[in-house]
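Peer 1: My structure file protein_3.json, JSON, C-alpha atoms, is below:
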[["chain", "number", "residue", "atom", "x", "y", "z"],
["A", 1, "MET", "CA", -78.11, -94.31, 95.99],
["A", 2, "SER", "CA", -74.87, -93.56, 97.79],
["A", 3, "ALA", "CA", -74.69, -92.82, 101.50],
["A", 4, "GLU", "CA", -73.60, -89.28, 100.61],
["A", 5, "GLN", "CA", -76.71, -88.77, 98.47],
["A", 6, "MET", "CA", -78.92, -90.05, 101.28],
["A", 7, "VAL", "CA", -77.28, -87.69, 103.74],
["A", 8, "ASN", "CA", -77.80, -84.71, 101.43],
["A", 9, "ARG", "CA", -81.43, -85.61, 100.75],
["A", 10, "LEU", "CA", -82.27, -86.21, 104.41],
["A", 11, "TRP", "CA", -80.52, -83.21, 105.94],
["A", 12, "GLU", "CA", -80.60, -80.81, 102.95],
["A", 13, "GLY", "CA", -76.92, -79.94, 103.06],
["A", 14, "GLU", "CA", -76.67, -79.47, 106.84],
["A", 15, "PRO", "CA", -76.05, -82.96, 108.23],
["A", 16, "PRO", "CA", -74.86, -83.75, 111.75],
["A", 17, "ASN", "CA", -71.35, -85.16, 112.12],
["A", 18, "SER", "CA", -72.76, -88.64, 112.67],
["A", 19, "ALA", "CA", -74.99, -88.55, 109.57],
["A", 20, "ALA", "CA", -73.09, -91.18, 107.56],
["A", 21, "GLN", "CA", -73.10, -93.60, 110.49],
["A", 22, "MET", "CA", -76.81, -92.95, 111.06],
["A", 23, "VAL", "CA", -77.54, -93.89, 107.45],
["A", 24, "ARG", "CA", -75.54, -97.12, 107.78],
["A", 25, "ASN", "CA", -77.39, -97.97, 111.00],
["A", 26, "GLN", "CA", -80.75, -97.43, 109.33],
["A", 27, "VAL", "CA", -79.75, -99.59, 106.35],
["A", 28, "ASN", "CA", -78.77, -102.37, 108.74],
["A", 29, "THR", "CA", -82.10, -102.01, 110.54],
["A", 30, "LEU", "CA", -83.91, -102.26, 107.21],
["A", 31, "ARG", "CA", -82.00, -105.42, 106.37],
["A", 32, "HIS", "CA", -83.12, -107.03, 109.63],
["A", 33, "LEU", "CA", -86.74, -105.98, 109.10],
["A", 34, "LEU", "CA", -86.69, -107.52, 105.62],
["A", 35, "ALA", "CA", -84.72, -110.58, 106.70],
["A", 36, "PRO", "CA", -87.02, -113.06, 104.89],
["A", 37, "SER", "CA", -85.88, -111.44, 101.63],
["A", 38, "ARG", "CA", -82.21, -112.36, 101.52],
["A", 39, "GLY", "CA", -80.11, -109.72, 99.88],
["A", 40, "CYS", "CA", -82.97, -107.23, 100.16],
["A", 41, "VAL", "CA", -80.62, -104.22, 100.36],
["A", 42, "CYS", "CA", -77.63, -104.55, 98.07],
["A", 43, "ASN", "CA", -74.35, -102.65, 97.90],
["A", 44, "ASP", "CA", -73.99, -101.77, 94.26],
["A", 45, "HIS", "CA", -71.56, -99.35, 92.54],
["A", 46, "GLY", "CA", -70.76, -97.53, 95.77],
["A", 47, "GLY", "CA", -74.38, -97.18, 96.88],
["A", 48, "TYR", "CA", -77.44, -98.99, 98.15],
["A", 49, "ARG", "CA", -80.41, -100.34, 96.24],
["A", 50, "LEU", "CA", -83.39, -102.56, 96.98],
["A", 51, "SER", "CA", -83.24, -105.92, 95.25],
["A", 52, "GLY", "CA", -85.96, -107.04, 92.89],
["A", 53, "GLN", "CA", -87.20, -109.45, 95.58],
["A", 54, "VAL", "CA", -88.51, -106.58, 97.69],
["A", 55, "VAL", "CA", -92.04, -105.39, 96.92],
["A", 56, "ILE", "CA", -92.88, -101.97, 98.31],
["A", 57, "ASP", "CA", -96.46, -101.31, 99.41],
["A", 58, "ALA", "CA", -96.58, -98.04, 97.46],
["A", 59, "GLU", "CA", -95.68, -99.86, 94.24],
["A", 60, "ARG", "CA", -98.13, -102.68, 94.98],
["A", 61, "PHE", "CA", -100.82, -100.04, 95.52],
["A", 62, "ARG", "CA", -100.08, -98.34, 92.20],
["A", 63, "THR", "CA", -100.07, -101.67, 90.37],
["A", 64, "LEU", "CA", -103.41, -102.75, 91.84],
["A", 65, "VAL", "CA", -105.07, -99.44, 90.97],
["A", 66, "CYS", "CA", -103.74, -99.69, 87.42],
["A", 67, "GLN", "CA", -105.07, -103.25, 87.17],
["A", 68, "ALA", "CA", -108.43, -102.12, 88.52],
["A", 69, "ARG", "CA", -108.73, -99.44, 85.85],
["A", 70, "SER", "CA", -107.94, -101.94, 83.10],
["A", 71, "LEU", "CA", -110.45, -104.43, 84.49],
["A", 72, "ARG", "CA", -113.14, -101.78, 84.74],
["A", 73, "ASP", "CA", -112.47, -100.61, 81.18],
["A", 74, "THR", "CA", -112.76, -104.18, 79.88],
["A", 75, "ASN", "CA", -116.14, -104.63, 81.60],
["A", 76, "MET", "CA", -114.95, -106.77, 84.51],
["A", 77, "PRO", "CA", -116.38, -104.78, 87.44],
["A", 78, "LEU", "CA", -116.21, -107.52, 90.07],
["A", 79, "ALA", "CA", -112.54, -108.19, 89.37],
["A", 80, "SER", "CA", -111.92, -104.44, 89.43],
["A", 81, "ILE", "CA", -113.61, -104.16, 92.83],
["A", 82, "SER", "CA", -111.44, -107.00, 94.14],
["A", 83, "ALA", "CA", -108.26, -105.25, 92.97],
["A", 84, "LEU", "CA", -109.35, -101.96, 94.54],
["A", 85, "ARG", "CA", -110.16, -103.62, 97.85],
["A", 86, "GLY", "CA", -106.69, -105.16, 97.82],
["A", 87, "ALA", "CA", -105.23, -101.71, 97.17],
["A", 88, "GLN", "CA", -107.25, -100.24, 100.04],
["A", 89, "ALA", "CA", -106.00, -102.90, 102.43],
["A", 90, "LEU", "CA", -102.39, -101.71, 101.97],
["A", 91, "TRP", "CA", -103.07, -98.41, 103.71],
["A", 92, "ARG", "CA", -102.17, -97.84, 107.36],
["A", 93, "GLY", "CA", -103.85, -94.72, 108.66],
["A", 94, "VAL", "CA", -104.84, -91.59, 106.77],
["A", 95, "GLU", "CA", -101.52, -90.17, 105.55],
["A", 96, "ALA", "CA", -98.97, -91.79, 103.29],
["A", 97, "LEU", "CA", -95.37, -91.93, 104.55],
["A", 98, "ALA", "CA", -96.54, -90.19, 107.72],
["A", 99, "ASP", "CA", -93.23, -90.51, 109.60],
["A", 100, "VAL", "CA", -90.90, -89.26, 106.84],
["A", 101, "ARG", "CA", -92.79, -86.35, 105.27],
["A", 102, "ASP", "CA", -90.21, -83.84, 106.42],
["A", 103, "VAL", "CA", -88.04, -85.05, 103.53],
["A", 104, "PRO", "CA", -89.12, -82.84, 100.55],
["A", 105, "ASP", "CA", -88.99, -85.59, 97.92],
["A", 106, "LEU", "CA", -91.05, -87.89, 100.11],
["A", 107, "GLU", "CA", -93.61, -85.18, 100.81],
["A", 108, "LEU", "CA", -94.27, -85.00, 97.05],
["A", 109, "GLU", "CA", -94.42, -88.79, 96.86],
["A", 110, "ALA", "CA", -96.92, -88.88, 99.73],
["A", 111, "HIS", "CA", -99.20, -86.32, 98.07],
["A", 112, "GLY", "CA", -99.15, -88.37, 94.87],
["A", 113, "LEU", "CA", -100.11, -91.54, 96.73],
["A", 114, "GLU", "CA", -102.93, -89.80, 98.59],
["A", 115, "GLU", "CA", -104.34, -88.38, 95.36],
["A", 116, "LEU", "CA", -104.21, -91.84, 93.77],
["A", 117, "ARG", "CA", -106.00, -93.21, 96.83],
["A", 118, "PHE", "CA", -108.76, -90.67, 96.29],
["A", 119, "GLN", "CA", -109.08, -91.72, 92.65],
["A", 120, "ALA", "CA", -109.16, -95.40, 93.64],
["A", 121, "GLU", "CA", -111.90, -94.85, 96.21],
["A", 122, "GLU", "CA", -113.84, -92.73, 93.74],
["A", 123, "MET", "CA", -113.65, -95.62, 91.26],
["A", 124, "LEU", "CA", -114.63, -98.16, 93.92],
["A", 125, "SER", "CA", -117.67, -96.19, 95.05],
["A", 126, "ALA", "CA", -118.84, -95.82, 91.44],
["A", 127, "LEU", "CA", -118.47, -99.55, 90.82],
["A", 128, "TYR", "CA", -120.44, -100.35, 93.96],
["A", 129, "LEU", "CA", -123.26, -98.02, 92.92],
["A", 130, "ASP", "CA", -123.33, -99.42, 89.38],
["A", 131, "ALA", "CA", -123.47, -102.94, 90.83],
["A", 132, "GLY", "CA", -126.51, -102.05, 92.92],
["A", 133, "THR", "CA", -124.72, -102.35, 96.26],
["A", 134, "PRO", "CA", -124.96, -98.85, 97.77],
["A", 135, "GLU", "CA", -124.50, -100.32, 101.26],
["A", 136, "ALA", "CA", -120.92, -101.25, 100.24],
["A", 137, "ALA", "CA", -120.30, -97.79, 98.82],
["A", 138, "LEU", "CA", -121.60, -96.01, 101.93],
["A", 139, "PRO", "CA", -118.61, -96.51, 104.32],
["A", 140, "VAL", "CA", -116.15, -95.67, 101.54],
["A", 141, "LEU", "CA", -117.97, -92.42, 100.79],
["A", 142, "GLU", "CA", -118.45, -91.47, 104.44],
["A", 143, "GLU", "CA", -114.72, -91.78, 105.01],
["A", 144, "MET", "CA", -113.96, -89.80, 101.85],
["A", 145, "THR", "CA", -116.14, -86.89, 103.00],
["A", 146, "VAL", "CA", -114.24, -86.83, 106.30],
["A", 147, "ARG", "CA", -110.81, -86.83, 104.62],
["A", 148, "HIS", "CA", -111.84, -84.57, 101.71],
["A", 149, "PRO", "CA", -114.69, -82.34, 102.93],
["A", 150, "ASP", "CA", -113.90, -79.74, 100.25],
["A", 151, "ARG", "CA", -114.40, -82.14, 97.30],
["A", 152, "GLU", "CA", -117.82, -82.20, 95.74],
["A", 153, "LEU", "CA", -118.09, -85.67, 94.20],
["A", 154, "PRO", "CA", -117.86, -87.75, 97.43],
["A", 155, "TRP", "CA", -120.73, -85.74, 98.91],
["A", 156, "VAL", "CA", -122.79, -86.24, 95.75],
["A", 157, "ARG", "CA", -122.14, -89.97, 95.71],
["A", 158, "LEU", "CA", -122.92, -90.21, 99.43],
["A", 159, "MET", "CA", -126.31, -88.60, 98.81],
["A", 160, "VAL", "CA", -126.94, -91.01, 95.92],
["A", 161, "ALA", "CA", -125.97, -94.05, 98.02],
["A", 162, "GLN", "CA", -128.27, -92.97, 100.84],
["A", 163, "ALA", "CA", -131.14, -92.41, 98.40],
["A", 164, "LEU", "CA", -130.65, -95.88, 96.92],
["A", 165, "MET", "CA", -130.86, -97.31, 100.45],
["A", 166, "SER", "CA", -134.29, -95.66, 101.01],
["A", 167, "ARG", "CA", -132.71, -92.86, 103.04],
["A", 168, "ARG", "CA", -133.75, -90.10, 100.63],
["A", 169, "ALA", "CA", -134.85, -87.67, 103.35],
["A", 170, "GLU", "CA", -131.45, -87.96, 105.06],
["A", 171, "ALA", "CA", -129.68, -87.46, 101.72],
["A", 172, "SER", "CA", -131.67, -84.40, 100.66],
["A", 173, "ASN", "CA", -131.65, -82.76, 104.06],
["A", 174, "VAL", "CA", -128.89, -83.76, 106.50],
["A", 175, "THR", "CA", -126.16, -84.76, 104.06],
["A", 176, "TYR", "CA", -126.94, -81.95, 101.63],
["A", 177, "ARG", "CA", -126.72, -79.36, 104.41],
["A", 178, "ARG", "CA", -123.40, -80.81, 105.65],
["A", 179, "ALA", "CA", -122.05, -80.71, 102.10],
["A", 180, "GLN", "CA", -123.21, -77.12, 101.61],
["A", 181, "HIS", "CA", -121.52, -76.14, 104.86],
["A", 182, "HIS", "CA", -118.15, -77.63, 103.87],
["A", 183, "LEU", "CA", -118.19, -76.81, 100.16],
["A", 184, "VAL", "CA", -119.86, -73.41, 100.02],
["A", 185, "GLU", "CA", -119.97, -71.77, 103.43],
["A", 186, "GLN", "CA", -116.46, -72.71, 104.59],
["A", 187, "THR", "CA", -114.53, -72.59, 101.32],
["A", 188, "GLY", "CA", -116.64, -70.40, 99.05],
["A", 189, "LEU", "CA", -116.57, -73.01, 96.28],
["A", 190, "ASP", "CA", -119.34, -73.51, 93.75],
["A", 191, "ALA", "CA", -121.10, -76.88, 93.96],
["A", 192, "PRO", "CA", -123.33, -77.06, 90.87],
["A", 193, "LEU", "CA", -123.50, -80.86, 90.75],
["A", 194, "LEU", "CA", -124.48, -81.02, 94.41],
["A", 195, "ASP", "CA", -127.38, -78.65, 93.76],
["A", 196, "ARG", "CA", -128.50, -80.56, 90.65],
["A", 197, "VAL", "CA", -128.52, -83.88, 92.48],
["A", 198, "HIS", "CA", -130.32, -82.30, 95.44],
["A", 199, "LEU", "CA", -133.04, -80.99, 93.12],
["A", 200, "ALA", "CA", -133.30, -84.41, 91.45],
["A", 201, "LEU", "CA", -133.75, -86.04, 94.85],
["A", 202, "LEU", "CA", -136.55, -83.62, 95.75],
["A", 203, "ARG", "CA", -138.25, -84.38, 92.44],
["A", 204, "GLY", "CA", -138.12, -88.12, 93.10],
["A", 205, "ALA", "CA", -135.49, -89.09, 90.53],
["A", 206, "GLU", "CA", -135.01, -92.83, 90.05],
["A", 207, "ALA", "CA", -131.83, -94.75, 90.89],
["A", 208, "ALA", "CA", -130.58, -94.93, 87.29],
["A", 209, "GLN", "CA", -130.85, -91.15, 86.84],
["A", 210, "LEU", "CA", -129.05, -90.43, 90.10],
["A", 211, "ILE", "CA", -126.20, -92.82, 89.26],
["A", 212, "ALA", "CA", -125.91, -91.31, 85.77],
["A", 213, "MET", "CA", -125.71, -87.80, 87.22],
["A", 214, "SER", "CA", -122.89, -88.77, 89.58],
["A", 215, "ALA", "CA", -121.07, -90.54, 86.73],
["A", 216, "ARG", "CA", -121.28, -87.41, 84.56],
["A", 217, "GLY", "CA", -119.95, -85.41, 87.51],
["A", 218, "SER", "CA", -116.96, -87.76, 87.72],
["A", 219, "ALA", "CA", -116.24, -87.30, 84.02],
["A", 220, "GLU", "CA", -116.51, -83.51, 84.35],
["A", 221, "SER", "CA", -114.08, -83.52, 87.29],
["A", 222, "ALA", "CA", -111.57, -85.57, 85.30],
["A", 223, "HIS", "CA", -111.52, -82.97, 82.53],
["A", 224, "ARG", "CA", -111.16, -79.89, 84.74]]
Once more with this new file: its structure as structure tokens, please.
Peer 2:
Amino acid sequence: MSAEQMVNRLWEGEPPNSAAQMVRNQVNTLRHLLAPSRGCVCNDHGGYRLSGQVVIDAERFRTLVCQARSLRDTNMPLASISALRGAQALWRGVEALADVRDVPDLELEAHGLEELRFQAEEMLSALYLDAGTPEAALPVLEEMTVRHPDRELPWVRLMVAQALMSRRAEASNVTYRRAQHHLVEQTGLDAPLLDRVHLALLRGAEAAQLIAMSARGSAESAHR
């Protein structure tokens, strides 16, 4: 990408007089930050590009999530969990690209990464539940309900995890009421799966049935 293209993308056609110099300064700063990778930022055909030696966290994250899906689909759940935990560890804070989201292209990129993070954590929580380790799923799901209070499936899985940890009363009362507040009262959304799982909890459904219900809910969400 040429310096002129960077200027146009960053300032949307209204750059300051010093814009070109600012871009050069930032490229030099990047080179120093990535000093262990010699030749990390190359001048090529009148523009700048990252060399193949540089691995970007966003790309590492996408690769690990893709690997995790393949491992899950080939019945290697423990390896899939390991890949997903590695993907999780790449995140710093809640938002992706938090300091550069005023650039329109990067705002779209950030939304895509955050949605993939949601999918990865959804997969991880399901794998934990299937493996019989709800205590590992619990912190993942609690964080998901904080970041995505208007999404039904994390609340459902949180209730299931609590029930599997002998916290059925908390799941069917406290967590269900919190979920109803966020999903129905605040947003006006329907939450049919939440109600079905709540009823199953009250009727004393076993672990296998609860896990199967949440898995069907995940499949239904994927096809909406």
Peer 1: So which residues touch stretch 1-11 of chain A within 10 Å, counting all atoms listed in the file, skipping near sequence neighbours fewer than 2 positions away, as a ChimeraX atom specification?
Peer 2: /A:13-16,19-24,27,43-50,100,102-106
Peer 1: Could you work out how far atom CA of A:Asp57 lies from atom CA of A:Asn28, giving the answer in Å with one decimal?
Peer 2: 20.0 Å
Peer 1: So what do you get for atom CA of A:Arg196 versus atom CA of A:Val156, distance-wise?
Peer 2: 9.5 Å
Peer 1: For a quick check of understanding, using only C-alpha atoms, which of A:Val160, A:Ala179, A:Leu116, A:Ile56 has the smallest distance to A:Met213?
Peer 2: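 Closest to A:Met213 of all the choices is A:Val160.
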Peer 1: Which is closer to A:Thr145 than all the others in A:Thr175, A:Ser70, A:Ser51, A:Ser214, using only C-alpha atoms?
Peer 2: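 Of A:Thr175, A:Ser70, A:Ser51, A:Ser214, the one nearest A:Thr145 is A:Thr175, counting only C-alpha atoms.
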Peer 1: Do a neighbour search on A:Arg62 at 12 Å with all atoms listed in the file, toss out local chain neighbours closer than 6 positions, and write the hits as a PyMOL selection string.
Peer 2: chain A and resi 55-56+68-69+83-84+86-88+90-91+112-117+119-120
Peer 1: Could you work out how far atom CA of A:Leu129 lies from atom CA of A:Ala163, giving the answer in Å with one decimal?
Peer 2: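 Rounded to one decimal, the two atoms are 11.1 Å apart.
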Peer 1: Can you tell me which residues surround A:Ile211 at a distance of at most 12 Å, considering all atoms listed in the file, apart from same-chain residues fewer than 2 positions away, and format the answer as a ChimeraX atom specification?
Peer 2: /A:125-134,153,156-164,197,200-201,205-209,213-218
Peer 1: Restricting the calculation to all atoms listed in the file: of A:Glu12, A:Asp195, A:Asp73, A:Asp190, which residue gets closest to A:Arg177?
Peer 2: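 The shortest atom-to-atom distance to A:Arg177 comes from A:Asp195.
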Peer 1: Fewer than 4 positions away in the same chain doesn't count, so skip those; otherwise give me all residues within 9 Å of A:Leu30, counting all atoms listed in the file, as a PDB file with C-alpha atoms, in the frame of the given file.
Peer 2:
ATOM      1  CA  ASN A  25     -77.390 -97.970 111.000  1.00  0.00           C
ATOM      2  CA  GLN A  26     -80.750 -97.430 109.330  1.00  0.00           C
ATOM      3  CA  LEU A  34     -86.690-107.520 105.620  1.00  0.00           C
ATOM      4  CA  ALA A  35     -84.720-110.580 106.700  1.00  0.00           C
ATOM      5  CA  CYS A  40     -82.970-107.230 100.160  1.00  0.00           C
ATOM      6  CA  VAL A  41     -80.620-104.220 100.360  1.00  0.00           C
TER       7      VAL A  41
END
Peer 1: Given the point (-134.2, -86.8, 99.5) in the coordinates of this file, which residues lie within 8 Å, counting only C-alpha atoms, and how would they look as a list in words?
Peer 2: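 Selection result: Ala163, Arg167, Arg168, Ala169, Glu170, Ala171, Ser172, Asn173, His198, Leu201, Leu202 and Gly204 of chain A.
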Peer 1: Write out as a PyMOL selection string which residues come within 12 Å of A:Leu189 when counting all atoms listed in the file, dropping same-chain ones fewer than 5 positions away.
Peer 2: chain A and resi 149-152+179-184+194
Peer 1: Go through A:Leu124, A:Met144, A:Ser18, A:Val54 one by one, measure the shortest atom-to-atom distance of each to A:Ala79 using all atoms listed in the file, and give the residue with the smallest value.
Peer 2: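 Among the listed residues, A:Leu124 lies closest to A:Ala79.
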